[in-house]
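Asks: This is the content of input06.cif (mmCIF, C-alpha atoms and all ligand atoms):
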data_model
#
loop_
_atom_site.label_atom_id
_atom_site.label_comp_id
_atom_site.auth_asym_id
_atom_site.auth_seq_id
_atom_site.Cartn_x
_atom_site.Cartn_y
_atom_site.Cartn_z
CA MET A 14 -7.40 0.78 6.39
CA GLU A 15 -10.39 -0.24 4.31
CA TYR A 16 -12.17 -3.52 4.90
CA ARG A 17 -14.51 -5.54 2.74
CA SER A 18 -16.32 -8.87 2.74
CA LEU A 19 -14.31 -11.81 1.47
CA GLY A 20 -16.79 -13.30 -0.99
CA ASN A 21 -19.63 -14.94 0.91
CA THR A 22 -17.45 -16.14 3.80
CA GLY A 23 -18.70 -13.46 6.19
CA LEU A 24 -15.08 -12.52 6.95
CA LYS A 25 -14.21 -8.82 6.97
CA VAL A 26 -10.78 -8.42 5.44
CA SER A 27 -8.39 -5.56 4.86
CA VAL A 28 -8.00 -4.73 1.16
CA ALA A 29 -4.23 -4.98 1.71
CA GLY A 30 -3.08 -8.44 2.81
CA LEU A 31 0.40 -9.45 3.91
CA GLY A 32 1.83 -12.29 1.81
CA CYS A 33 4.35 -14.19 3.89
CA GLY A 34 5.78 -16.12 0.93
CA GLY A 35 7.16 -15.02 -2.45
CA ASN A 36 10.85 -14.27 -2.71
CA SER A 37 10.86 -12.17 0.44
CA ARG A 38 9.19 -14.59 2.88
CA LEU A 39 9.01 -11.69 5.38
CA GLY A 40 12.79 -11.31 5.05
CA LEU A 41 13.75 -14.97 5.55
CA GLY A 42 14.55 -15.00 1.82
CA ARG A 43 17.55 -12.72 2.44
CA GLY A 44 18.51 -14.22 5.80
CA ALA A 45 16.69 -11.86 8.19
CA SER A 46 16.32 -13.00 11.81
CA PHE A 47 13.12 -14.52 13.22
CA ASP A 48 12.53 -11.35 15.27
CA ASP A 49 12.99 -9.06 12.27
CA CYS A 50 10.44 -11.12 10.34
CA VAL A 51 8.03 -10.92 13.29
CA ALA A 52 8.48 -7.12 13.23
CA VAL A 53 7.45 -7.02 9.55
CA VAL A 54 4.18 -8.79 10.39
CA ARG A 55 3.53 -6.54 13.37
CA THR A 56 4.18 -3.41 11.28
CA ALA A 57 1.47 -4.57 8.88
CA VAL A 58 -1.03 -5.45 11.62
CA ASP A 59 -0.40 -2.10 13.34
CA LEU A 60 -1.35 -0.38 10.06
CA GLY A 61 -4.68 -2.21 10.05
CA VAL A 62 -3.77 -5.19 7.85
CA ASN A 63 -5.84 -8.08 9.22
CA PHE A 64 -5.32 -10.59 6.41
CA LEU A 65 -2.14 -12.67 6.68
CA ASP A 66 -1.31 -15.42 4.19
CA THR A 67 1.32 -18.03 4.95
CA ALA A 68 2.02 -21.65 3.93
CA GLU A 69 3.86 -24.76 5.03
CA ALA A 70 6.19 -24.29 2.03
CA TYR A 71 7.20 -20.73 3.04
CA GLY A 72 8.59 -21.66 6.45
CA THR A 73 6.83 -18.60 7.93
CA GLU A 74 3.96 -20.15 9.90
CA GLU A 75 5.88 -20.00 13.21
CA ILE A 76 6.74 -16.35 12.53
CA VAL A 77 3.11 -15.46 11.88
CA GLY A 78 2.06 -17.38 15.00
CA ALA A 79 4.59 -15.53 17.16
CA ALA A 80 3.68 -12.15 15.65
CA VAL A 81 -0.07 -12.42 16.21
CA ARG A 82 -0.01 -13.80 19.74
CA SER A 83 -0.47 -10.39 21.37
CA TYR A 84 -3.35 -9.30 19.11
CA ASP A 85 -7.04 -10.07 19.37
CA ARG A 86 -7.37 -13.31 17.37
CA ASP A 87 -10.96 -12.57 16.34
CA ARG A 88 -9.92 -9.49 14.40
CA LEU A 89 -7.27 -11.31 12.36
CA VAL A 90 -7.92 -13.45 9.30
CA ILE A 91 -5.18 -16.04 8.93
CA SER A 92 -4.78 -18.15 5.85
CA THR A 93 -2.35 -20.99 5.29
CA LYS A 94 -1.91 -23.78 2.77
CA ALA A 95 -0.08 -26.97 1.88
CA ILE A 96 0.87 -28.72 -1.34
CA PHE A 97 -0.57 -32.20 -1.89
CA LYS A 98 0.23 -34.76 -4.57
CA ALA A 99 -2.56 -36.26 -6.64
CA ASP A 100 -2.73 -40.06 -6.38
CA ALA A 101 -0.30 -40.10 -3.43
CA ASP A 102 -1.79 -37.98 -0.64
CA THR A 103 -4.98 -39.02 1.14
CA SER A 104 -7.60 -37.50 3.43
CA GLU A 105 -5.46 -38.72 6.38
CA THR A 106 -2.44 -36.75 5.16
CA VAL A 107 -4.62 -33.66 4.71
CA THR A 108 -5.83 -33.92 8.32
CA ARG A 109 -2.31 -34.50 9.60
CA ARG A 110 -0.86 -31.57 7.66
CA VAL A 111 -3.63 -29.15 8.74
CA GLU A 112 -3.08 -30.15 12.37
CA ALA A 113 0.68 -29.68 11.98
CA ALA A 114 0.08 -26.21 10.51
CA LEU A 115 -2.12 -25.26 13.48
CA LYS A 116 0.63 -26.41 15.81
CA ARG A 117 3.28 -24.34 14.02
CA LEU A 118 0.96 -21.31 14.08
CA GLY A 119 0.03 -21.93 17.73
CA LEU A 120 -3.67 -21.53 16.82
CA ASP A 121 -6.86 -23.55 17.38
CA TYR A 122 -8.16 -22.71 13.90
CA VAL A 123 -7.24 -21.01 10.65
CA ASP A 124 -9.73 -18.81 8.84
CA VAL A 125 -8.84 -20.19 5.41
CA PHE A 126 -6.95 -23.37 4.55
CA HIS A 127 -6.02 -23.66 0.86
CA PHE A 128 -4.81 -26.42 -1.32
CA HIS A 129 -1.63 -24.78 -2.60
CA ALA A 130 -0.66 -24.39 -6.29
CA VAL A 131 -3.07 -26.94 -7.73
CA HIS A 132 -2.24 -27.95 -11.30
CA PRO A 133 -5.18 -28.47 -13.72
CA ASN A 134 -4.30 -32.18 -14.00
CA ALA A 135 -4.54 -32.60 -10.22
CA TYR A 136 -7.73 -30.59 -9.75
CA GLU A 137 -10.29 -33.40 -9.71
CA TYR A 138 -8.23 -35.40 -7.22
CA HIS A 139 -8.12 -32.39 -4.89
CA ARG A 140 -11.85 -31.78 -5.26
CA ASP A 141 -13.04 -35.39 -4.96
CA VAL A 142 -10.49 -37.16 -2.78
CA LEU A 143 -8.80 -34.53 -0.62
CA ALA A 144 -11.38 -31.75 -0.11
CA PRO A 145 -13.79 -33.94 1.93
CA ALA A 146 -11.09 -34.00 4.64
CA LEU A 147 -11.14 -30.19 4.73
CA ALA A 148 -14.92 -30.28 5.02
CA ARG A 149 -14.59 -32.53 8.10
CA LEU A 150 -11.98 -30.19 9.61
CA LYS A 151 -14.43 -27.36 8.97
CA GLU A 152 -17.12 -29.20 10.92
CA GLN A 153 -14.63 -29.59 13.77
CA GLY A 154 -13.94 -25.83 13.71
CA LYS A 155 -10.24 -26.21 12.84
CA VAL A 156 -10.65 -24.68 9.39
CA ARG A 157 -13.22 -21.92 8.93
CA HIS A 158 -13.24 -21.74 5.11
CA ILE A 159 -11.89 -23.81 2.23
CA GLY A 160 -9.62 -22.23 -0.37
CA ILE A 161 -7.64 -23.14 -3.45
CA THR A 162 -4.65 -21.42 -5.06
CA GLU A 163 -3.50 -21.71 -8.64
CA THR A 164 0.04 -22.25 -9.83
CA GLY A 165 0.75 -19.10 -11.83
CA PRO A 166 3.92 -20.27 -13.60
CA ARG A 167 2.55 -23.72 -14.51
CA ASP A 168 -1.01 -22.70 -15.35
CA PRO A 169 -0.72 -19.23 -16.90
CA GLU A 170 -4.07 -19.61 -18.66
CA GLN A 171 -5.78 -20.20 -15.31
CA LYS A 172 -7.46 -23.39 -16.46
CA MET A 173 -7.70 -24.88 -12.98
CA LEU A 174 -9.26 -21.82 -11.41
CA ALA A 175 -11.72 -21.26 -14.26
CA ARG A 176 -13.23 -24.62 -13.21
CA ALA A 177 -12.84 -24.24 -9.46
CA ILE A 178 -14.71 -20.95 -9.22
CA GLN A 179 -17.79 -22.65 -10.70
CA GLU A 180 -17.78 -25.54 -8.22
CA ASP A 181 -18.02 -26.46 -4.57
CA PRO A 182 -16.46 -26.55 -2.04
CA TRP A 183 -14.17 -23.60 -2.78
CA GLU A 184 -15.08 -20.44 -0.87
CA VAL A 185 -11.86 -18.50 -1.50
CA ALA A 186 -9.46 -18.47 -4.46
CA MET A 187 -5.92 -17.08 -4.77
CA LEU A 188 -4.93 -16.04 -8.26
CA ALA A 189 -2.36 -14.17 -10.31
CA TYR A 190 -3.38 -10.76 -11.62
CA SER A 191 -1.43 -7.68 -12.63
CA LEU A 192 -1.33 -4.83 -15.09
CA MET A 193 0.46 -7.10 -17.58
CA ASN A 194 -1.47 -10.27 -16.72
CA GLN A 195 -5.10 -9.25 -17.05
CA GLY A 196 -6.76 -12.54 -18.00
CA ALA A 197 -8.78 -12.82 -14.78
CA ARG A 198 -10.63 -9.61 -15.66
CA ARG A 199 -12.54 -11.54 -18.30
CA ALA A 200 -12.37 -15.17 -17.18
CA ILE A 201 -12.43 -15.18 -13.38
CA PHE A 202 -13.83 -12.06 -11.70
CA PRO A 203 -17.27 -12.04 -13.36
CA VAL A 204 -17.88 -15.61 -12.16
CA SER A 205 -16.25 -15.31 -8.73
CA GLN A 206 -18.41 -12.27 -8.00
CA ARG A 207 -21.59 -13.99 -9.14
CA ARG A 208 -20.84 -17.08 -7.02
CA GLY A 209 -19.53 -15.20 -3.98
CA VAL A 210 -16.03 -16.71 -4.09
CA GLY A 211 -13.55 -14.50 -2.22
CA THR A 212 -10.48 -13.43 -4.22
CA LEU A 213 -6.90 -12.93 -3.07
CA LEU A 214 -4.40 -11.55 -5.59
CA MET A 215 -0.81 -12.68 -5.97
CA PHE A 216 1.90 -11.75 -8.54
CA VAL A 217 0.68 -8.15 -8.49
CA VAL A 218 4.29 -6.86 -8.39
CA ARG A 219 6.66 -9.82 -8.03
CA ASN A 220 9.91 -9.17 -9.99
CA ILE A 221 8.60 -7.45 -13.08
CA PHE A 222 7.31 -4.33 -11.29
CA SER A 223 10.00 -4.14 -8.61
CA ASN A 224 13.14 -4.74 -10.70
CA ALA A 225 13.74 -2.30 -13.59
CA SER A 226 16.52 -4.20 -15.33
CA TYR A 227 14.54 -7.44 -15.28
CA ARG A 228 11.52 -5.53 -16.65
CA ARG A 229 13.64 -4.24 -19.58
CA ASP A 230 14.60 -7.82 -20.43
CA VAL A 231 10.98 -8.99 -20.25
CA PHE A 232 9.84 -6.20 -22.61
CA ALA A 233 12.66 -6.96 -25.07
CA LYS A 234 11.63 -10.63 -25.09
CA LEU A 235 7.93 -9.83 -25.61
CA VAL A 236 8.86 -7.65 -28.61
CA GLU A 237 11.17 -10.38 -29.95
CA GLN A 238 8.32 -12.92 -29.65
CA GLY A 239 5.96 -10.57 -31.51
CA GLN A 240 3.66 -10.19 -28.49
CA LEU A 241 4.27 -6.45 -28.29
CA ASP A 242 4.98 -3.95 -31.04
CA ALA A 243 8.61 -2.81 -31.27
CA SER A 244 7.47 0.83 -31.05
CA ILE A 245 6.90 0.29 -27.32
CA LEU A 246 10.68 0.30 -26.85
CA SER A 247 11.31 3.49 -28.80
CA ASP A 248 10.66 6.03 -26.07
CA GLY A 249 12.64 5.04 -22.93
CA ASP A 250 10.85 3.01 -20.24
CA PRO A 251 7.72 1.45 -21.79
CA LEU A 252 5.91 2.00 -18.47
CA GLY A 253 7.16 5.58 -18.10
CA PHE A 254 3.64 6.94 -18.66
CA LEU A 255 2.64 5.44 -15.29
CA VAL A 256 4.93 7.79 -13.40
CA ALA A 257 4.78 10.80 -15.75
CA ASP A 258 2.95 13.92 -14.53
CA GLY A 259 2.52 12.47 -11.04
CA VAL A 260 0.12 9.69 -12.13
CA ALA A 261 1.78 7.25 -9.71
CA ALA A 262 4.63 7.56 -7.23
CA SER A 263 6.47 4.58 -8.73
CA ILE A 264 5.87 1.57 -10.99
CA THR A 265 5.27 -0.51 -7.85
CA ASP A 266 2.70 2.01 -6.62
CA ALA A 267 0.94 1.89 -10.03
CA ALA A 268 0.94 -1.92 -10.04
CA TYR A 269 -0.70 -2.22 -6.61
CA ARG A 270 -3.28 0.49 -7.41
CA TYR A 271 -4.15 -1.04 -10.77
CA ALA A 272 -4.95 -4.40 -9.14
CA ARG A 273 -6.67 -3.07 -6.06
CA HIS A 274 -9.42 -1.24 -7.91
CA GLU A 275 -10.39 -4.02 -10.32
CA GLN A 276 -14.03 -5.11 -9.87
CA GLY A 277 -14.14 -8.44 -8.06
CA VAL A 278 -10.85 -8.10 -6.18
CA ASP A 279 -11.14 -8.57 -2.42
CA VAL A 280 -7.56 -8.62 -1.10
CA VAL A 281 -4.32 -7.53 -2.77
CA LEU A 282 -1.50 -9.54 -1.24
CA PHE A 283 1.88 -7.84 -1.04
CA GLY A 284 5.05 -9.73 -0.15
CA THR A 285 7.95 -8.01 1.54
CA GLY A 286 10.70 -8.34 4.10
CA ASN A 287 11.06 -4.59 4.45
CA LYS A 288 9.10 -2.55 7.01
CA ALA A 289 9.31 0.62 4.87
CA HIS A 290 7.78 -1.31 1.96
CA VAL A 291 4.92 -2.43 4.23
CA GLN A 292 4.02 1.20 4.80
CA GLU A 293 4.51 2.16 1.12
CA ASN A 294 2.39 -0.74 -0.10
CA VAL A 295 -0.45 -0.08 2.33
CA ASP A 296 -0.38 3.57 1.20
CA SER A 297 -0.48 2.51 -2.48
CA ILE A 298 -3.32 0.06 -1.98
CA LEU A 299 -5.35 2.76 -0.21
CA ARG A 300 -4.70 5.41 -2.89
CA SER A 301 -7.22 6.38 -5.57
CA PRO A 302 -7.53 4.36 -8.78
CA LEU A 303 -5.22 5.19 -11.68
CA PRO A 304 -6.91 7.72 -14.00
CA PRO A 305 -9.35 6.06 -16.47
CA PRO A 306 -7.28 6.98 -19.60
CA VAL A 307 -4.24 5.27 -18.03
CA ILE A 308 -6.26 2.14 -17.25
CA GLU A 309 -7.63 2.13 -20.82
CA ARG A 310 -4.09 2.41 -22.15
CA LEU A 311 -2.99 -0.54 -19.99
CA HIS A 312 -5.91 -2.60 -21.26
CA ALA A 313 -5.14 -1.70 -24.89
CA LEU A 314 -1.40 -2.33 -24.58
CA PHE A 315 -1.33 -5.47 -22.45
CA GLY A 316 -4.86 -6.92 -22.35
CA ARG A 317 -3.99 -9.79 -24.70
CA LEU A 318 -0.87 -10.99 -22.88
CA THR A 319 -0.94 -14.19 -20.86
CA GLY A 320 1.35 -15.27 -18.08
CA VAL A 321 3.70 -12.26 -17.99
CA GLY A 322 5.52 -11.80 -14.68
CA LEU A 323 4.66 -15.23 -13.25
CA ASP A 324 8.13 -16.18 -12.08
CA LEU A 325 8.82 -19.17 -9.87
CA PRO A 326 10.30 -18.27 -6.47
CA GLY A 327 14.02 -17.52 -6.49
CA PRO A 328 16.27 -14.88 -8.00
CA VAL A 329 15.68 -13.88 -11.63
CA LYS A 330 18.51 -13.46 -14.13
CA THR A 331 18.99 -10.12 -15.87
CA SER A 332 21.17 -9.41 -18.90
N1 LIG B 401 0.59 -20.36 -5.65
C1 LIG B 401 0.51 -19.63 -4.56
O1 LIG B 401 -0.23 -19.98 -3.69
C2 LIG B 401 1.29 -18.35 -4.42
C3 LIG B 401 2.28 -18.01 -5.35
C4 LIG B 401 2.89 -16.77 -5.23
C5 LIG B 401 2.54 -15.90 -4.22
N2 LIG B 401 1.59 -16.26 -3.30
C6 LIG B 401 1.18 -15.37 -2.19
O2 LIG B 401 1.09 -14.06 -2.68
C7 LIG B 401 1.93 -13.22 -1.89
C8 LIG B 401 2.39 -12.03 -2.71
O3 LIG B 401 3.21 -12.44 -3.80
P1 LIG B 401 4.68 -11.94 -3.91
O4 LIG B 401 5.42 -12.33 -2.66
O5 LIG B 401 5.28 -12.32 -5.20
O6 LIG B 401 4.47 -10.40 -3.75
P2 LIG B 401 4.41 -9.16 -4.65
O7 LIG B 401 3.81 -8.16 -3.77
O8 LIG B 401 3.78 -9.39 -5.98
O9 LIG B 401 5.96 -8.83 -4.93
C9 LIG B 401 6.88 -8.79 -3.92
C10 LIG B 401 8.27 -8.39 -4.46
O10 LIG B 401 8.31 -6.99 -4.66
C11 LIG B 401 9.23 -6.37 -3.72
N3 LIG B 401 8.54 -5.20 -3.16
C12 LIG B 401 7.44 -5.22 -2.35
N4 LIG B 401 7.08 -3.96 -2.05
C13 LIG B 401 7.96 -3.13 -2.68
C14 LIG B 401 8.10 -1.72 -2.73
N5 LIG B 401 7.26 -0.90 -2.10
N6 LIG B 401 9.12 -1.22 -3.48
C15 LIG B 401 9.97 -2.03 -4.13
N7 LIG B 401 9.89 -3.37 -4.11
C16 LIG B 401 8.89 -3.93 -3.39
C17 LIG B 401 9.51 -7.42 -2.67
O11 LIG B 401 10.84 -7.29 -2.18
P3 LIG B 401 11.13 -6.63 -0.71
O12 LIG B 401 11.20 -7.77 0.26
O13 LIG B 401 12.44 -5.97 -0.92
O14 LIG B 401 10.04 -5.67 -0.40
C18 LIG B 401 9.35 -8.72 -3.48
O15 LIG B 401 10.52 -9.03 -4.19
C19 LIG B 401 3.03 -14.15 -1.38
O16 LIG B 401 3.72 -13.63 -0.30
C20 LIG B 401 2.17 -15.36 -1.04
O17 LIG B 401 1.51 -15.12 0.19
C21 LIG B 401 0.96 -17.47 -3.41
#
Represent the structure contained in this file as structure tokens.
Ligand SMILES: NC(=O)c1ccc[n+]([C@@H]2O[C@H](COP(=O)([O-])OP(=O)(O)OC[C@H]3O[C@@H](n4cnc5c(N)ncnc54)[C@H](OP(=O)(O)O)[C@@H]3O)[C@@H](O)[C@H]2O)c1
Replies:
Amino acid sequence: MEYRSLGNTGLKVSVAGLGCGGNSRLGLGRGASFDDCVAVVRTAVDLGVNFLDTAEAYGTEEIVGAAVRSYDRDRLVISTKAIFKADADTSETVTRRVEAALKRLGLDYVDVFHFHAVHPNAYEYHRDVLAPALARLKEQGKVRHIGITETGPRDPEQKMLARAIQEDPWEVAMLAYSLMNQGARRAIFPVSQRRGVGTLLMFVVRNIFSNASYRRDVFAKLVEQGQLDASILSDGDPLGFLVADGVAASITDAAYRYARHEQGVDVVLFGTGNKAHVQENVDSILRSPLPPPVIERLHALFGRLTGVGLDLPGPVKTS
């Protein structure tokens, strides 16, 4: 495994991080047992993954807590989050919900606590009214660092995060980035690097790079909307060049490698309920970058797109 600093937090994190949400939710999403989900987490940790991201909304905090009990806590970096409503939640509810998360995890502290999926309209309320409660929990040692995550599907232009990365108290940010959703390359990473904000990537694969028939539908729609030229559909799979001549082992492999080697990326989160995929994804994230001409082609083809592949949780429909 390779490790790097998470922004200016002082935390050393594995470049591959296990996402315990998404559609898979460690396997809970398809009805796997508690023990099978624990085994997915342990497979990742045994491969050197030390960054684990969960959330109240995923229903996986107890699983993560059970899985990590037999490891050295100091070597693990555990992140969780909760969704709060602007104008309804208060600093008291923040404190209560953080303490409830710690109880579910069976931990004395979390390394990062994030406000989850913050909409641009709710940003100032989170910063001014709710974040001071996280600062107090930080003083008490229950939260080590303060994070914020965007809502990919409802804020595809990343308006909330473009503000947050310029301001206190955010030390870590979770954002959507992929080979067909490259906006952060221009708008987020230059600033997050300059300010020392740690970055965690989500939506790197999701449905679009793991489900070929869904991907075909997405491409057809982008052509229909005039966002891509129709010629892209003329020669079989529009992403075929990623797996031609051994460039990448699969589209999923290419998607994780593309994201992992972008300047300013600290952790690539991968979500899965499949132990074999844990191994495959760790291998992908540790592989060399895609060749420069392939990256240039991805930038030229898809660099102008916004919000592609940012599906809400749940099954996607294919034609
Ligand atoms: N707003 C937020 O805060 C927010 C929103 C979204 C995500 N997140 C975080 O980001 C994490 C990652 O996002 P994500 O769950 O969408 O993960 P992802 O890594 O982008 O995509 C995961 C999807 O790809 C499949 N997959 C994974 N590895 C594969 C492989 N090697 N081959 C084929 N299919 C593969 C998974 O199904 P299998 O189970 O079959 O592997 C799952 O359907 C989440 O778990 C969560 O921690 C946060």
Asks: Could you name the residues that touch Trp183 (chain A) at 8 Å or less, counting all atoms listed in the file, but leaving out those on the same chain fewer than 4 positions away, as a PDB file with C-alpha atoms, in the frame of the given file?
Replies:
ATOM      1  CA  ILE A 159     -11.890 -23.810   2.230  1.00  0.00           C
ATOM      2  CA  GLY A 160      -9.620 -22.230  -0.370  1.00  0.00           C
ATOM      3  CA  ILE A 161      -7.640 -23.140  -3.450  1.00  0.00           C
ATOM      4  CA  ALA A 177     -12.840 -24.240  -9.460  1.00  0.00           C
ATOM      5  CA  ILE A 178     -14.710 -20.950  -9.220  1.00  0.00           C
ATOM      6  CA  VAL A 210     -16.030 -16.710  -4.090  1.00  0.00           C
TER       7      VAL A 210
END
Asks: Could you tell me which of A:Ile264, A:Ala313, A:Val185, A:Ala45 comes closest to Asn21 (chain A) if we count all atoms listed in the file?
Replies: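 Between A:Ile264, A:Ala313, A:Val185, A:Ala45, the residue approaching Asn21 (chain A) most closely is A:Val185.
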Asks: Which residues are near ligand LIG 401 (chain B) in this structure, taking near to mean any atom at most 6 Å from a ligand atom and counting only C-alpha atoms and all ligand atoms? Format them as a compact mmCIF listing (two decimals) with C-alpha atoms, in the frame of the given file.
Replies:
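And here is the file that came out, result_39.txt:
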# COMPACT_ATOMS: atom_id res chain seq x y z
CA GLY A 32 1.83 -12.29 1.81
CA CYS A 33 4.35 -14.19 3.89
CA GLY A 34 5.78 -16.12 0.93
CA GLY A 35 7.16 -15.02 -2.45
CA ASN A 36 10.85 -14.27 -2.71
CA SER A 37 10.86 -12.17 0.44
CA ASP A 66 -1.31 -15.42 4.19
CA THR A 67 1.32 -18.03 4.95
CA HIS A 129 -1.63 -24.78 -2.60
CA ALA A 130 -0.66 -24.39 -6.29
CA THR A 162 -4.65 -21.42 -5.06
CA GLU A 163 -3.50 -21.71 -8.64
CA THR A 164 0.04 -22.25 -9.83
CA MET A 215 -0.81 -12.68 -5.97
CA PHE A 216 1.90 -11.75 -8.54
CA VAL A 217 0.68 -8.15 -8.49
CA VAL A 218 4.29 -6.86 -8.39
CA ARG A 219 6.66 -9.82 -8.03
CA ASN A 220 9.91 -9.17 -9.99
CA SER A 223 10.00 -4.14 -8.61
CA THR A 265 5.27 -0.51 -7.85
CA LEU A 282 -1.50 -9.54 -1.24
CA PHE A 283 1.88 -7.84 -1.04
CA GLY A 284 5.05 -9.73 -0.15
CA THR A 285 7.95 -8.01 1.54
CA GLY A 286 10.70 -8.34 4.10
CA ASN A 287 11.06 -4.59 4.45
CA HIS A 290 7.78 -1.31 1.96
CA GLU A 293 4.51 2.16 1.12
CA ASN A 294 2.39 -0.74 -0.10
Asks: Determine the nearest neighbour of Arg140 (chain A) from the options A:Glu180, A:Asp102, A:Asp296, A:Asp324, counting all atoms listed in the file.
Replies: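 Distance minimum relative to Arg140 (chain A) lands on A:Glu180.
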Asks: For a quick check of understanding, using all atoms listed in the file, which of A:Val329, A:Val28, A:Ala243, A:Ala79 has the smallest distance to Tyr227 (chain A)?
Replies: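 Of A:Val329, A:Val28, A:Ala243, A:Ala79, the one nearest Tyr227 (chain A) is A:Val329, counting all atoms listed in the file.
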Asks: Quick one: residues within 10 Å of Val278 (chain A), all atoms listed in the file, excluding same-chain residues fewer than 3 positions away - as an MDAnalysis selection string?
Replies: chainID A and resid 17 19:20 28 190 198 202 205:206 211:214 272:275 281
Asks: Applying 9 Å and only C-alpha atoms, which residues near Ala175 (chain A) remain after dropping the ones on its own chain fewer than 5 positions away? List them as a PDB file with C-alpha atoms, in the coordinates of the input.
Replies:
ATOM      1  CA  GLU A 170      -4.070 -19.610 -18.660  1.00  0.00           C
ATOM      2  CA  ALA A 197      -8.780 -12.820 -14.780  1.00  0.00           C
ATOM      3  CA  ALA A 200     -12.370 -15.170 -17.180  1.00  0.00           C
ATOM      4  CA  ILE A 201     -12.430 -15.180 -13.380  1.00  0.00           C
ATOM      5  CA  VAL A 204     -17.880 -15.610 -12.160  1.00  0.00           C
TER       6      VAL A 204
END
Asks: From (3.6, -32.4, -4.3), in the file's coordinates, out to 12 Å: which residues are reached, counting all atoms listed in the file? Answer as a count of residues only.
Replies: 16
Asks: Between CA of Ser297 (chain A) and CA of Asp279 (chain A), measure the distance and give it in Å to one decimal.
Replies: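 Interatomic distance here is 15.4 Å.
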Asks: Would you compute the distance between CA of Asn224 (chain A) and CA of Thr331 (chain A)? Give it in Å to one decimal.
Replies: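 Result for CA of Asn224 (chain A) versus CA of Thr331 (chain A): 9.5 Å, one decimal.
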Asks: So, counting only C-alpha atoms, which residue among A:Thr93, A:Gln153, A:Ser27, A:Thr103 is closest to Phe126 (chain A)?
Replies: A:Thr93
Asks: Please, what distance in Å, to one decimal, runs between CA of Leu318 (chain A) and CA of Met193 (chain A)?
Replies: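 It comes out at 6.7 Å.
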Asks: Quick one: everything within 10 Å of Arg82 (chain A), counting only C-alpha atoms, minus sequence neighbours fewer than 4 positions away in the same chain. Send it as JSON, numbers by chain.
Replies: {"A": [77, 78, 86, 118, 119, 120]}
Asks: Return the single residue from A:Leu150, A:Ala144, A:Leu303, A:Cys50 that is closest to Asp181 (chain A), with distances computed using all atoms listed in the file.
Replies: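 Nearest to Asp181 (chain A): A:Ala144.
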Asks: Taking only C-alpha atoms into account, which of A:Ser46, A:Thr56, A:Ser244, A:Ser92 comes nearest Leu24 (chain A)?
Replies: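 Closest candidate: A:Ser92.
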